[in-house]
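Visitor: Before I ask anything, let me first share the structure, which is written out below as structure tokens.
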Amino acid sequence: MERKKDSQVVVIAALAIAILFMSVGFALFTQNLQVNGTTTVDAALWDIHFDPNSYMAQPGSEEITYTLDSANTTLQFETELVEPGDFATFAINAKNFGTFDADLTSITLSTLTAEQQKYLEYTVQYNGVTYNATTTGLNIPLNVNQSKTLVVTVRYVAPADSADLPASDVDVSLTATLGYQQVTE
């Protein structure tokens with residue numbers, strides 16, 4: 001019985017030594033890998049504005065005086081239409097100079113009075129489509145570094161009844177607001 005006990009002690013001791021060597025061996029065969037680095041994140045820029053170098057009056061148009069504000073986001077124009085048939089038309093590019101793609105989501109046009117509608121037409125053409133009233137729900141892309149042409153036209157038309165022509169000079173304020181929104185992916 002003592003022999004059996006001695007052999008058990010020897011077996012237990014051998015197992016303990018084997019476990020000790022295995023632990024040391026495992027520790028010798030472990031290694032950590034490490035990743036280090038840096039990144040630079042460029043500044044984000046939302047910058048859609050009129051390209052001042054793209055302004056062009058259309059052939060046959062009455063003289064147009066225009067100015068752009070310092071940010072090139074507002075164009076102010078003046079023209080004089082003397083008689084029916086006169087028109088003023090100019091084109092300018094809206095360009096995305098920023099770092100985000102954008103969508104044109106709305107075009108808001110000033111509303112002519114019922115009287116003015118008898119002798120005056122006001123349209124805005126964007127990306128080849130003509131708008132003569134406020135339009136929402138648009139989804140026209142203007143991606144980074146892309147331009148779209150905006151054409152503004154004011155036309156003095158001959159009404160069906162000449163009594164509808166203005167009896168004195170009329171100053172008409174016209175506005176068009178293009179609403180852009182960042183594209184979210």
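In the structure tokens, the first chain shown is A, the next is B, and so on; residue numbers restart at 1 for each chain, and ligands run from 1 in the order shown.
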With a distance cut-off of 9 Å and only C-alpha atoms, select the neighbouring residues of Gln76 of chain A, excluding the residue or stretch itself and same-chain residues fewer than 5 positions from it, and output the selection as an NGL selection string.
Guide: :A and (65-69)
Visitor: Any chance you could export the current selection's N, CA and C atoms as a PDB file, in the first residue's frame?
Guide:
```
ATOM      1  N   THR A  65     -27.990  95.702 -64.167  1.00  0.00           N
ATOM      2  CA  THR A  65     -26.952  96.056 -63.214  1.00  0.00           C
ATOM      3  C   THR A  65     -27.075  95.075 -62.053  1.00  0.00           C
ATOM      4  N   TYR A  66     -25.958  94.489 -61.652  1.00  0.00           N
ATOM      5  CA  TYR A  66     -26.036  93.514 -60.557  1.00  0.00           C
ATOM      6  C   TYR A  66     -24.848  93.679 -59.622  1.00  0.00           C
ATOM      7  N   THR A  67     -25.038  93.253 -58.396  1.00  0.00           N
ATOM      8  CA  THR A  67     -23.970  93.195 -57.406  1.00  0.00           C
ATOM      9  C   THR A  67     -24.116  91.895 -56.622  1.00  0.00           C
ATOM     10  N   LEU A  68     -22.992  91.392 -56.181  1.00  0.00           N
ATOM     11  CA  LEU A  68     -22.959  90.231 -55.291  1.00  0.00           C
ATOM     12  C   LEU A  68     -22.474  90.695 -53.930  1.00  0.00           C
ATOM     13  N   ASP A  69     -23.044  90.125 -52.862  1.00  0.00           N
ATOM     14  CA  ASP A  69     -22.539  90.469 -51.534  1.00  0.00           C
ATOM     15  C   ASP A  69     -21.155  89.843 -51.347  1.00  0.00           C
TER      16      ASP A  69
END
```
Visitor: Write out as a VMD selection string the set of residues from segment 22-175 of chain A that DSSP, computed on the backbone, places in strand (DSSP E or B).
Guide: chain A and resid 48 to 57 64 to 68 75 to 79 87 to 96 102 to 109 120 to 126 129 to 131 135 to 142 147 to 156
Visitor: Which residue gives the smallest distance to Asn96 of chain A among A:Leu150, A:Val172, A:Val144, A:Ala163, with only C-alpha atoms counted?
Guide: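 Ranked by minimum distance to Asn96 of chain A, first place goes to A:Val144.
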Visitor: Which one of A:Asn72, A:Ser61, A:Gln117, A:Thr39 sits closest to Leu165 of chain A if you count only C-alpha atoms?
Guide: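 Closest residue, counting only C-alpha atoms: A:Gln117.
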Visitor: For a test of reading the model, state the distance in Å between atom CA of Val129 of chain A and atom CA of Gly179 of chain A, rounded to one decimal.
Guide: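 Computing it gives 15.7 Å between the two atoms.
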Visitor: List the neighbours of Ile140 of chain A out to 9 Å using only C-alpha atoms; skip same-chain residues closer than 5 positions along the sequence, and give me the result as a ChimeraX atom specification.
Guide: /A:102-105,127
Visitor: With only C-alpha atoms as the counted atoms, please give the residues lying no more than 8 Å from Thr136 of chain A, apart from itself and same-chain residues fewer than 4 positions off, as a PDB file with N, CA and C atoms, in the first residue's frame.
Guide:
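Contents of out32.pdb, freshly written:
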```pdb
ATOM      1  N   THR A 105     -33.385  71.644 -52.266  1.00  0.00           N
ATOM      2  CA  THR A 105     -34.658  71.090 -51.796  1.00  0.00           C
ATOM      3  C   THR A 105     -35.838  72.015 -52.052  1.00  0.00           C
ATOM      4  N   SER A 106     -35.562  73.304 -52.306  1.00  0.00           N
ATOM      5  CA  SER A 106     -36.680  74.223 -52.558  1.00  0.00           C
ATOM      6  C   SER A 106     -36.201  75.447 -53.333  1.00  0.00           C
ATOM      7  N   ILE A 107     -37.142  76.008 -54.083  1.00  0.00           N
ATOM      8  CA  ILE A 107     -36.952  77.303 -54.733  1.00  0.00           C
ATOM      9  C   ILE A 107     -38.158  78.137 -54.336  1.00  0.00           C
ATOM     10  N   THR A 108     -37.899  79.239 -53.657  1.00  0.00           N
ATOM     11  CA  THR A 108     -38.966  80.127 -53.205  1.00  0.00           C
ATOM     12  C   THR A 108     -38.919  81.399 -54.046  1.00  0.00           C
TER      13      THR A 108
END
```
Visitor: Need the shell around Pro84 of chain A: protein/DNA/RNA residues with any atom at most 9 Å away, counting only C-alpha atoms. Skip same-chain ones fewer than 5 positions apart. Format as a PyMOL selection string?
Guide: chain A and resi 119-120+155-159
Visitor: Among segment 3-136 of chain A, which ones does DSSP place in helix (DSSP H, G or I), written as a list in words?
Guide: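 Assigned to helix (DSSP H, G or I), within segment 3-136 of chain A: Arg3, Lys4, Lys5, Asp6, Ser7, Gln8, Val9, Val10, Val11, Ile12, Ala13, Ala14, Leu15, Ala16, Ile17, Ala18, Ile19, Leu20, Phe21, Met22, Ser23, Val24, Gly25, Phe26, Ala27, Leu28, Gln116, Gln117 and Lys118 of chain A.
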Visitor: Take the residues from that selection and put them in a file with C-alpha atoms, as a CSV table (one decimal), in the first residue's frame.
Guide:
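That gives us part22.csv:
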```
chain,number,residue,atom,x,y,z
A,3,ARG,CA,4.2,1.5,-2.7
A,4,LYS,CA,1.0,2.6,-4.2
A,5,LYS,CA,1.1,5.8,-2.1
A,6,ASP,CA,4.7,6.5,-3.1
A,7,SER,CA,3.8,6.0,-6.8
A,8,GLN,CA,0.8,8.4,-6.4
A,9,VAL,CA,3.1,11.0,-4.9
A,10,VAL,CA,5.5,10.6,-7.7
A,11,VAL,CA,2.7,10.9,-10.3
A,12,ILE,CA,1.3,14.0,-8.6
A,13,ALA,CA,4.8,15.5,-8.4
A,14,ALA,CA,5.4,14.7,-12.1
A,15,LEU,CA,2.1,16.3,-13.0
A,16,ALA,CA,2.8,19.4,-10.9
A,17,ILE,CA,6.2,19.8,-12.6
A,18,ALA,CA,4.6,19.3,-16.0
A,19,ILE,CA,2.0,22.0,-15.3
A,20,LEU,CA,4.8,24.3,-14.1
A,21,PHE,CA,6.8,23.7,-17.3
A,22,MET,CA,3.7,24.2,-19.5
A,23,SER,CA,2.9,27.5,-17.8
A,24,VAL,CA,6.5,28.7,-18.3
A,25,GLY,CA,6.4,27.5,-21.9
A,26,PHE,CA,3.1,29.2,-22.6
A,27,ALA,CA,4.5,32.4,-21.1
A,28,LEU,CA,7.5,32.1,-23.4
A,116,GLN,CA,-48.6,92.5,-62.0
A,117,GLN,CA,-49.3,89.0,-63.4
A,118,LYS,CA,-51.2,90.6,-66.3
```
Visitor: I'd like the neighbourhood of segment 45-58 of chain A as a PyMOL selection string, where a residue qualifies if any of its atoms comes within 12 Å (using only C-alpha atoms), though same-chain residues fewer than 2 positions away should be ignored.
Guide: chain A and resi 42-43+60-77+79+87-104+142-154+178-183
Visitor: Would you compute the distance between atom CA of Thr175 of chain A and atom CA of Asp161 of chain A? Give it in Å to one decimal.
Guide: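 Pair atom CA of Thr175 of chain A / atom CA of Asp161 of chain A returns 27.2 Å.
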Visitor: Could you jot down the atom CA of Glu80 of chain A to atom CA of Leu112 of chain A separation for me, Å, one decimal place?
Guide: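 Computing the Euclidean distance for atom CA of Glu80 of chain A and atom CA of Leu112 of chain A yields 16.8 Å.
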